[in-house]
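See below for the structure under consideration.
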There are 2 protein chains.
Amino acid sequence: MSASQVLLDLTAGSVALTAAICDIESVSGNEEALANAIMDALSTYSHLELTRAGNTIVARTHFGLPQRVIIAGHLDTVPLNDNLPTHWEQDSLGDDWLWGRGTVDMKAGVAVQLTLAVELTAPAFDITWIWYDLEEVDAERNGLRRLAHTHPEFFVGDFAILGEPSNSTVEGGCNGTIRVDIRARGLRAHSARAWAGENAIHKLASALAILSAYEPRQVEVEGLLYREGLNAVGVSGGVATNVIPDEATLHVNYRFAPSRSAAEAIVHMREIFAGFDVVVIDQAEGARPGLTSPIALNFVNAVGAAPTPKYGWTDVARFSAMGIPAVNFGPGDATLAHADDERVAVRQITECENALRTWLLGE
Amino acid sequence: MSASQVLLDLTAGSVALTAAICDIESVSGNEEALANAIMDALSTYSHLELTRAGNTIVARTHFGLPQRVIIAGHLDTVPLNDNLPTHWEQDSLGDDWLWGRGTVDMKAGVAVQLTLAVELTAPAFDITWIWYDLEEVDAERNGLRRLAHTHPEFFVGDFAILGEPSNSTVEGGCNGTIRVDIRARGLRAHSARAWAGENAIHKLASALAILSAYEPRQVEVEGLLYREGLNAVGVSGGVATNVIPDEATLHVNYRFAPSRSAAEAIVHMREIFAGFDVVVIDQAEGARPGLTSPIALNFVNAVGAAPTPKYGWTDVARFSAMGIPAVNFGPGDATLAHADDERVAVRQITECENALRTWLLGE
């Protein structure tokens, strides 16, 4: 063990463990120290078969049980903003909070998972635990995506739980997302003789009017209500301050309910922006909630609270695309993720740990 | 005289002289060689009192005549684009053209002026000839502007003629121009939860609709019809591809008839973009044609063709602001200025020279 390496006690309880793993900084690309510490700490538990691939760790049980559950979480965080090391605060209602980068997204979830991974030597399901790197960066670099390519055998299971912050309730599926460029073209001219040209920026007026008037749908999918969104996330145009511009672009993000495929979403964009040049820049399928399988219903009942839809795209969609019903379930309020005042309620960490333990023990 | 210096023959005729001074490259900031050559060539003519200020040259007659005319031209050009040295071509109608950078804007005009400056030893008016640098760059650096500050005594006269290309007809006054930013503000949010934010780009929809529907005025000023223009010359907005933008800006250029002041033009912008944050970025007054004074009418009659309005902003407005009636009068088609295929018709150079000579001789 190198001098710089940290000793993690995986039996300290998920609350203390959250603080310990938050204090090992692991901004995307810098996960090695945390992965080393977790790998070392897990290596003494003989009921877990460990695999390490880069800074991604897989721990599997082999009890020969009829069903297998995949439980996953990412190790990386977005960059710090003077919010490490963690500290504790009590709010005016007497609730304790742990403040700092990663507390919500998503080391509290990872701490719950690590605690149960070493504790549960007689679960009701075989379990494949996955802790992966590079989730907070370009989809191309995502550690779970890489693992699915190099080790497809780890992606066999009856149900998957991703520990993304969901206020310790079950969030089913997620919206899909596409980004398109709406491009207008014109004819350049000197702005002192504008009538000799054709203004491409002016041509965006009708596209912006469409966006501004658009009423996003709310779509019920398997009992959950998904809220859509259609938004310009960028606009650009202009050659020089005395030139009528011949090109202008509106960059549009459409978040769509998982009842619609990305291909259908693109068709919708071409319909509403008819007459414009619509160029697809990026697309990611949504995921249906998948709460209709017996094992998923069983999990939802065990957790107790009514499931809600996930709006943002998460790696749940990756499991969904592989035919594995999957949900988000983790401590923390997603609206505090990435925030400078990121913080998690201690009570939620404990609730999440208890609910997951109860279900995994089949009680 | 340094070895690198060129000998100019100011009696060679304005057509040959145009080619000679075009071939002394003088892109803005690089006018020294041309200014040196002109200064040397002028120094042998005793009827001209010469002043040099940087790369600006002033040549004045002092015949004690009752009226004084200021005749000016700039020495600099926009950057080359493989279009020097000049060359001659004959078109399919048998007309001769001189091709190359500066032929239109505005060395043909300067050649006519230099030819007459040395030739006319008995004109009907006293004449102040001004050849200046840095016209094709930021207004702040303009040589005529600088001269007006350092030598206001040179700006005394009854009439001014600027040799900018006008197809050898008289162009009166010029439009004013202002640029304003139309700024919209909103509230940032993750684009997966767009309803938590307020999209600033969408708010530009109504401003763009206004621009797109706007009917520019055509305004008659002292008998000349000025065509206005209102155009977006830039648009920008967007924080990241997954963020609802909280700021968006439309950059608008308004070219207005000289019946309106810049202050009135700004009021007009605030009226039509009511509800938006309107920030004035740049403003330049227009110039009324000034063709009502006896000396101006006399000049228009001498030239013969009906005067037309100038749309682009020129240094004519500077004389106008000093109370000196001023017009554009020079060979060349302004739409070929700055073009890669910049070229002037030989016939126009001669026409311009003849008209100006006739009038200056009082014939």
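We label chains A, B, ... in the order they appear in the structure tokens, count residues from 1 in each chain, and number ligands from 1 in the order shown.
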Should the cut-off be 8 Å, what would the residue list for chain A against chain B look like, counting only C-alpha atoms, as a compact mmCIF listing (two decimals) with N, CA and C atoms, in the first residue's frame?
# COMPACT_ATOMS: atom_id res chain seq x y z
N SER A 191 -24.65 46.48 -44.79
CA SER A 191 -25.88 46.86 -44.08
C SER A 191 -26.36 48.26 -44.46
N ALA A 192 -25.53 49.04 -45.18
CA ALA A 192 -26.00 50.34 -45.70
C ALA A 192 -26.91 50.14 -46.90
N ARG A 193 -26.85 48.96 -47.51
CA ARG A 193 -27.72 48.62 -48.66
C ARG A 193 -28.36 47.27 -48.38
N ALA A 194 -29.12 47.23 -47.26
CA ALA A 194 -29.67 45.97 -46.78
C ALA A 194 -30.59 45.31 -47.80
N TRP A 195 -31.26 46.13 -48.61
CA TRP A 195 -32.22 45.58 -49.59
C TRP A 195 -31.55 44.71 -50.63
N ASN A 199 -31.67 38.73 -44.81
CA ASN A 199 -31.16 38.59 -43.45
C ASN A 199 -31.51 37.23 -42.83
N ILE A 201 -30.71 36.07 -39.86
CA ILE A 201 -31.16 36.15 -38.46
C ILE A 201 -32.66 36.44 -38.41
N HIS A 202 -33.12 37.34 -39.27
CA HIS A 202 -34.56 37.66 -39.29
C HIS A 202 -35.39 36.40 -39.59
N LYS A 203 -34.82 35.51 -40.41
CA LYS A 203 -35.56 34.29 -40.76
C LYS A 203 -35.77 33.36 -39.58
N LEU A 204 -34.97 33.54 -38.50
CA LEU A 204 -35.18 32.71 -37.31
C LEU A 204 -36.41 33.15 -36.52
N ALA A 205 -37.00 34.30 -36.89
CA ALA A 205 -38.14 34.82 -36.13
C ALA A 205 -39.24 33.78 -36.00
N SER A 206 -39.59 33.11 -37.10
CA SER A 206 -40.70 32.16 -37.02
C SER A 206 -40.32 30.94 -36.19
N LEU A 208 -38.28 30.93 -33.61
CA LEU A 208 -38.34 31.35 -32.20
C LEU A 208 -39.79 31.52 -31.75
N ALA A 209 -40.64 31.99 -32.66
CA ALA A 209 -42.05 32.13 -32.31
C ALA A 209 -42.66 30.75 -32.02
N LEU A 211 -41.01 28.09 -30.88
CA LEU A 211 -40.47 27.66 -29.58
C LEU A 211 -41.19 28.35 -28.44
N SER A 212 -41.38 29.65 -28.63
CA SER A 212 -41.94 30.47 -27.58
C SER A 212 -43.40 30.09 -27.30
N GLY A 229 -39.88 18.91 -22.56
CA GLY A 229 -39.38 20.28 -22.65
C GLY A 229 -38.76 20.52 -24.03
N ASN A 231 -36.51 23.52 -25.87
CA ASN A 231 -35.84 24.78 -25.56
C ASN A 231 -34.67 25.09 -26.47
N ALA A 232 -34.55 26.37 -26.83
CA ALA A 232 -33.31 26.84 -27.44
C ALA A 232 -32.26 26.86 -26.33
N VAL A 233 -31.12 26.22 -26.56
CA VAL A 233 -30.02 26.28 -25.60
C VAL A 233 -28.86 27.09 -26.17
N GLY A 234 -29.04 27.59 -27.41
CA GLY A 234 -28.01 28.43 -28.00
C GLY A 234 -28.55 29.11 -29.25
N VAL A 235 -27.97 30.25 -29.58
CA VAL A 235 -28.33 30.92 -30.83
C VAL A 235 -27.10 31.68 -31.29
N SER A 236 -26.84 31.68 -32.60
CA SER A 236 -25.67 32.39 -33.10
C SER A 236 -25.91 32.85 -34.53
N GLY A 237 -25.26 33.94 -34.90
CA GLY A 237 -25.37 34.48 -36.25
C GLY A 237 -24.69 35.83 -36.28
N GLY A 238 -24.22 36.23 -37.48
CA GLY A 238 -23.58 37.53 -37.61
C GLY A 238 -22.20 37.40 -38.21
N VAL A 239 -21.89 38.27 -39.17
CA VAL A 239 -20.61 38.24 -39.88
C VAL A 239 -19.74 39.40 -39.39
N ALA A 240 -20.28 40.60 -39.45
CA ALA A 240 -19.59 41.81 -39.00
C ALA A 240 -20.70 42.82 -38.72
N THR A 241 -20.35 43.89 -37.99
CA THR A 241 -21.40 44.81 -37.54
C THR A 241 -21.98 45.63 -38.68
N ASN A 242 -21.41 45.55 -39.88
CA ASN A 242 -21.97 46.28 -41.02
C ASN A 242 -22.34 45.36 -42.18
N VAL A 243 -22.60 44.09 -41.84
CA VAL A 243 -22.92 43.11 -42.89
C VAL A 243 -24.25 42.41 -42.57
N ILE A 244 -25.12 42.31 -43.58
CA ILE A 244 -26.34 41.53 -43.45
C ILE A 244 -25.93 40.06 -43.42
N PRO A 245 -26.25 39.34 -42.32
CA PRO A 245 -25.73 37.98 -42.15
C PRO A 245 -26.43 36.98 -43.08
N ASN A 253 -32.81 21.91 -27.79
CA ASN A 253 -32.79 20.67 -27.02
C ASN A 253 -34.23 20.22 -26.77
N ARG A 255 -36.41 17.38 -24.84
CA ARG A 255 -36.46 16.28 -23.86
C ARG A 255 -37.83 15.64 -23.99
N TYR A 311 -36.65 12.89 -14.82
CA TYR A 311 -36.68 13.75 -16.00
C TYR A 311 -35.36 13.74 -16.76
N GLY A 312 -34.27 13.83 -16.03
CA GLY A 312 -32.97 13.88 -16.69
C GLY A 312 -32.58 12.51 -17.21
N TRP A 313 -31.69 12.51 -18.18
CA TRP A 313 -31.19 11.25 -18.74
C TRP A 313 -30.20 10.67 -17.75
Shell around Thr358 in chain A at 10 Å using only C-alpha atoms, local window under 6 positions removed, as a count of residues only: 5
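Counting from CA of Arg183 in chain B, the distance to CA of His268 in chain B is 16.4 Å.
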9 Å contact set for Leu224 in chain B, only C-alpha atoms, chain neighbours under 5 positions out, as a short mmCIF file (atom, residue, chain, number, x, y, z; two decimals) with all heavy atoms, in the first residue's frame:
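Result file is out.cif:
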data_model
loop_
_atom_site.label_atom_id
_atom_site.label_comp_id
_atom_site.auth_asym_id
_atom_site.auth_seq_id
_atom_site.Cartn_x
_atom_site.Cartn_y
_atom_site.Cartn_z
N GLY B 172 -25.42 63.34 -52.48
CA GLY B 172 -25.57 64.32 -51.42
C GLY B 172 -25.78 63.68 -50.06
O GLY B 172 -26.55 62.73 -49.93
N VAL B 219 -37.29 58.29 -47.17
CA VAL B 219 -37.54 59.65 -46.72
C VAL B 219 -36.92 60.64 -47.69
O VAL B 219 -35.73 60.53 -48.02
CB VAL B 219 -36.92 59.87 -45.31
CG1 VAL B 219 -37.26 61.25 -44.79
CG2 VAL B 219 -37.41 58.80 -44.35
N PRO B 289 -28.25 66.57 -47.43
CA PRO B 289 -27.55 66.74 -48.72
C PRO B 289 -26.84 68.09 -48.83
O PRO B 289 -25.78 68.18 -49.46
CB PRO B 289 -28.66 66.61 -49.76
CG PRO B 289 -29.91 66.26 -49.06
CD PRO B 289 -29.66 66.21 -47.59
N PRO B 307 -28.46 64.79 -58.87
CA PRO B 307 -27.80 64.24 -57.68
C PRO B 307 -28.61 63.09 -57.08
O PRO B 307 -29.82 63.03 -57.23
CB PRO B 307 -27.75 65.43 -56.72
CG PRO B 307 -28.78 66.38 -57.21
CD PRO B 307 -28.99 66.14 -58.66
N THR B 308 -27.92 62.17 -56.42
CA THR B 308 -28.57 61.02 -55.77
C THR B 308 -28.12 60.98 -54.32
O THR B 308 -27.12 61.60 -53.95
CB THR B 308 -28.18 59.70 -56.46
OG1 THR B 308 -26.75 59.60 -56.43
CG2 THR B 308 -28.64 59.68 -57.91
N PRO B 309 -28.86 60.24 -53.46
CA PRO B 309 -28.45 60.17 -52.05
C PRO B 309 -27.31 59.16 -51.86
O PRO B 309 -27.19 58.21 -52.63
CB PRO B 309 -29.71 59.66 -51.35
CG PRO B 309 -30.45 58.90 -52.40
CD PRO B 309 -30.10 59.51 -53.73
#
For Phe329 in chain A: contacts at 8 Å, only C-alpha atoms, fewer than 5 positions along chain excluded, given as a count of residues only: 12
Point-to-point distance in Å for CA of Glu25 in chain A and CA of Glu89 in chain A: 20.4 Å
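Across the model, the gap from CA of Ala111 in chain B to CA of Leu17 in chain B is 5.6 Å.
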DSSP-assigned strand (DSSP E or B) among range 126-246 of chain A, expressed as a VMD selection string: chain A and resid 126 to 132 159 to 162 171 to 172 174 176 to 185 187 189 to 190 198 218 to 221 224 to 227 229 to 237 243 to 244
Selection above as a file: C-alpha atoms, as a PDB file, in the first residue's frame:
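This is the output file selection-v9.pdb:
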ATOM      1  CA  ASP A 126     -27.393 -12.764  -6.271  1.00  0.00           C
ATOM      2  CA  ILE A 127     -25.984  -9.258  -6.669  1.00  0.00           C
ATOM      3  CA  THR A 128     -23.642  -7.633  -9.187  1.00  0.00           C
ATOM      4  CA  TRP A 129     -22.295  -4.405  -7.677  1.00  0.00           C
ATOM      5  CA  ILE A 130     -20.727  -1.945 -10.155  1.00  0.00           C
ATOM      6  CA  TRP A 131     -18.871   1.265  -9.213  1.00  0.00           C
ATOM      7  CA  TYR A 132     -17.704   3.119 -12.306  1.00  0.00           C
ATOM      8  CA  PHE A 159     -33.460  -5.939 -12.409  1.00  0.00           C
ATOM      9  CA  ALA A 160     -31.075  -2.989 -12.047  1.00  0.00           C
ATOM     10  CA  ILE A 161     -30.890  -0.202  -9.493  1.00  0.00           C
ATOM     11  CA  LEU A 162     -28.853   2.932 -10.151  1.00  0.00           C
ATOM     12  CA  GLU A 171     -37.701   7.051  -9.955  1.00  0.00           C
ATOM     13  CA  GLY A 172     -38.660   5.068 -13.008  1.00  0.00           C
ATOM     14  CA  CYS A 174     -36.078   8.668 -17.893  1.00  0.00           C
ATOM     15  CA  GLY A 176     -34.947  10.872 -23.934  1.00  0.00           C
ATOM     16  CA  THR A 177     -33.036  13.863 -25.278  1.00  0.00           C
ATOM     17  CA  ILE A 178     -32.054  15.116 -28.709  1.00  0.00           C
ATOM     18  CA  ARG A 179     -30.293  18.280 -29.837  1.00  0.00           C
ATOM     19  CA  VAL A 180     -30.822  19.744 -33.289  1.00  0.00           C
ATOM     20  CA  ASP A 181     -29.583  22.813 -35.140  1.00  0.00           C
ATOM     21  CA  ILE A 182     -32.239  24.916 -36.870  1.00  0.00           C
ATOM     22  CA  ARG A 183     -30.352  26.688 -39.635  1.00  0.00           C
ATOM     23  CA  ALA A 184     -31.477  29.673 -41.688  1.00  0.00           C
ATOM     24  CA  ARG A 185     -29.667  30.957 -44.749  1.00  0.00           C
ATOM     25  CA  LEU A 187     -27.580  36.519 -48.681  1.00  0.00           C
ATOM     26  CA  ALA A 189     -24.795  42.508 -48.286  1.00  0.00           C
ATOM     27  CA  HIS A 190     -23.457  45.724 -46.792  1.00  0.00           C
ATOM     28  CA  GLU A 198     -31.460  38.654 -47.239  1.00  0.00           C
ATOM     29  CA  GLN A 218     -47.069  15.701 -20.176  1.00  0.00           C
ATOM     30  CA  VAL A 219     -47.226  12.025 -21.063  1.00  0.00           C
ATOM     31  CA  GLU A 220     -48.270   9.150 -18.832  1.00  0.00           C
ATOM     32  CA  VAL A 221     -46.107   6.070 -19.360  1.00  0.00           C
ATOM     33  CA  LEU A 224     -45.848   7.758 -14.372  1.00  0.00           C
ATOM     34  CA  LEU A 225     -46.315  11.281 -15.721  1.00  0.00           C
ATOM     35  CA  TYR A 226     -43.330  12.494 -17.800  1.00  0.00           C
ATOM     36  CA  ARG A 227     -42.953  16.192 -18.435  1.00  0.00           C
ATOM     37  CA  GLY A 229     -39.376  20.285 -22.653  1.00  0.00           C
ATOM     38  CA  LEU A 230     -38.439  22.050 -25.909  1.00  0.00           C
ATOM     39  CA  ASN A 231     -35.838  24.775 -25.563  1.00  0.00           C
ATOM     40  CA  ALA A 232     -33.312  26.844 -27.437  1.00  0.00           C
ATOM     41  CA  VAL A 233     -30.018  26.283 -25.596  1.00  0.00           C
ATOM     42  CA  GLY A 234     -28.011  28.434 -28.002  1.00  0.00           C
ATOM     43  CA  VAL A 235     -28.333  30.924 -30.834  1.00  0.00           C
ATOM     44  CA  SER A 236     -25.673  32.395 -33.100  1.00  0.00           C
ATOM     45  CA  GLY A 237     -25.366  34.478 -36.245  1.00  0.00           C
ATOM     46  CA  VAL A 243     -22.918  43.112 -42.888  1.00  0.00           C
ATOM     47  CA  ILE A 244     -26.342  41.526 -43.451  1.00  0.00           C
TER      48      ILE A 244
END
Alpha helix (DSSP H) call set, DSSP backbone run, range 189-327 of chain B, as an MDAnalysis selection string: chainID B and resid 200:213 262:272 294:303 316:321
Non-local contacts of Ser293 in chain B (12 Å; only C-alpha atoms; under 5 positions in same chain excluded) as a ChimeraX atom specification: /B:158-160,222,298-300,323-327
Selection from above, C-alpha atoms, as a CSV table (one decimal), in the first residue's frame, can you write it?
chain,number,residue,atom,x,y,z
B,158,ASP,CA,-17.9,77.5,-48.4
B,159,PHE,CA,-18.2,74.0,-49.8
B,160,ALA,CA,-16.5,70.6,-49.6
B,222,GLU,CA,-34.1,68.3,-49.8
B,298,ASN,CA,-23.8,75.8,-59.0
B,299,PHE,CA,-21.6,72.6,-58.7
B,300,VAL,CA,-24.6,70.3,-59.3
B,323,GLY,CA,-21.5,73.6,-41.1
B,324,ILE,CA,-19.8,73.1,-44.5
B,325,PRO,CA,-22.1,71.9,-47.3
B,326,ALA,CA,-20.5,68.8,-48.7
B,327,VAL,CA,-21.0,66.1,-51.4
Residue neighbourhood Thr150 in chain B, 12 Å, only C-alpha atoms, exclusion window fewer than 4 positions, as a ChimeraX atom specification: /B:52-54,56,143-146,154-155
Spatial neighbours of Met39 in chain A, 10 Å, only C-alpha atoms, chain gap at least 3 places, as a PyMOL selection string: chain A and resi 8+33-36+42-44+50-52+55-59
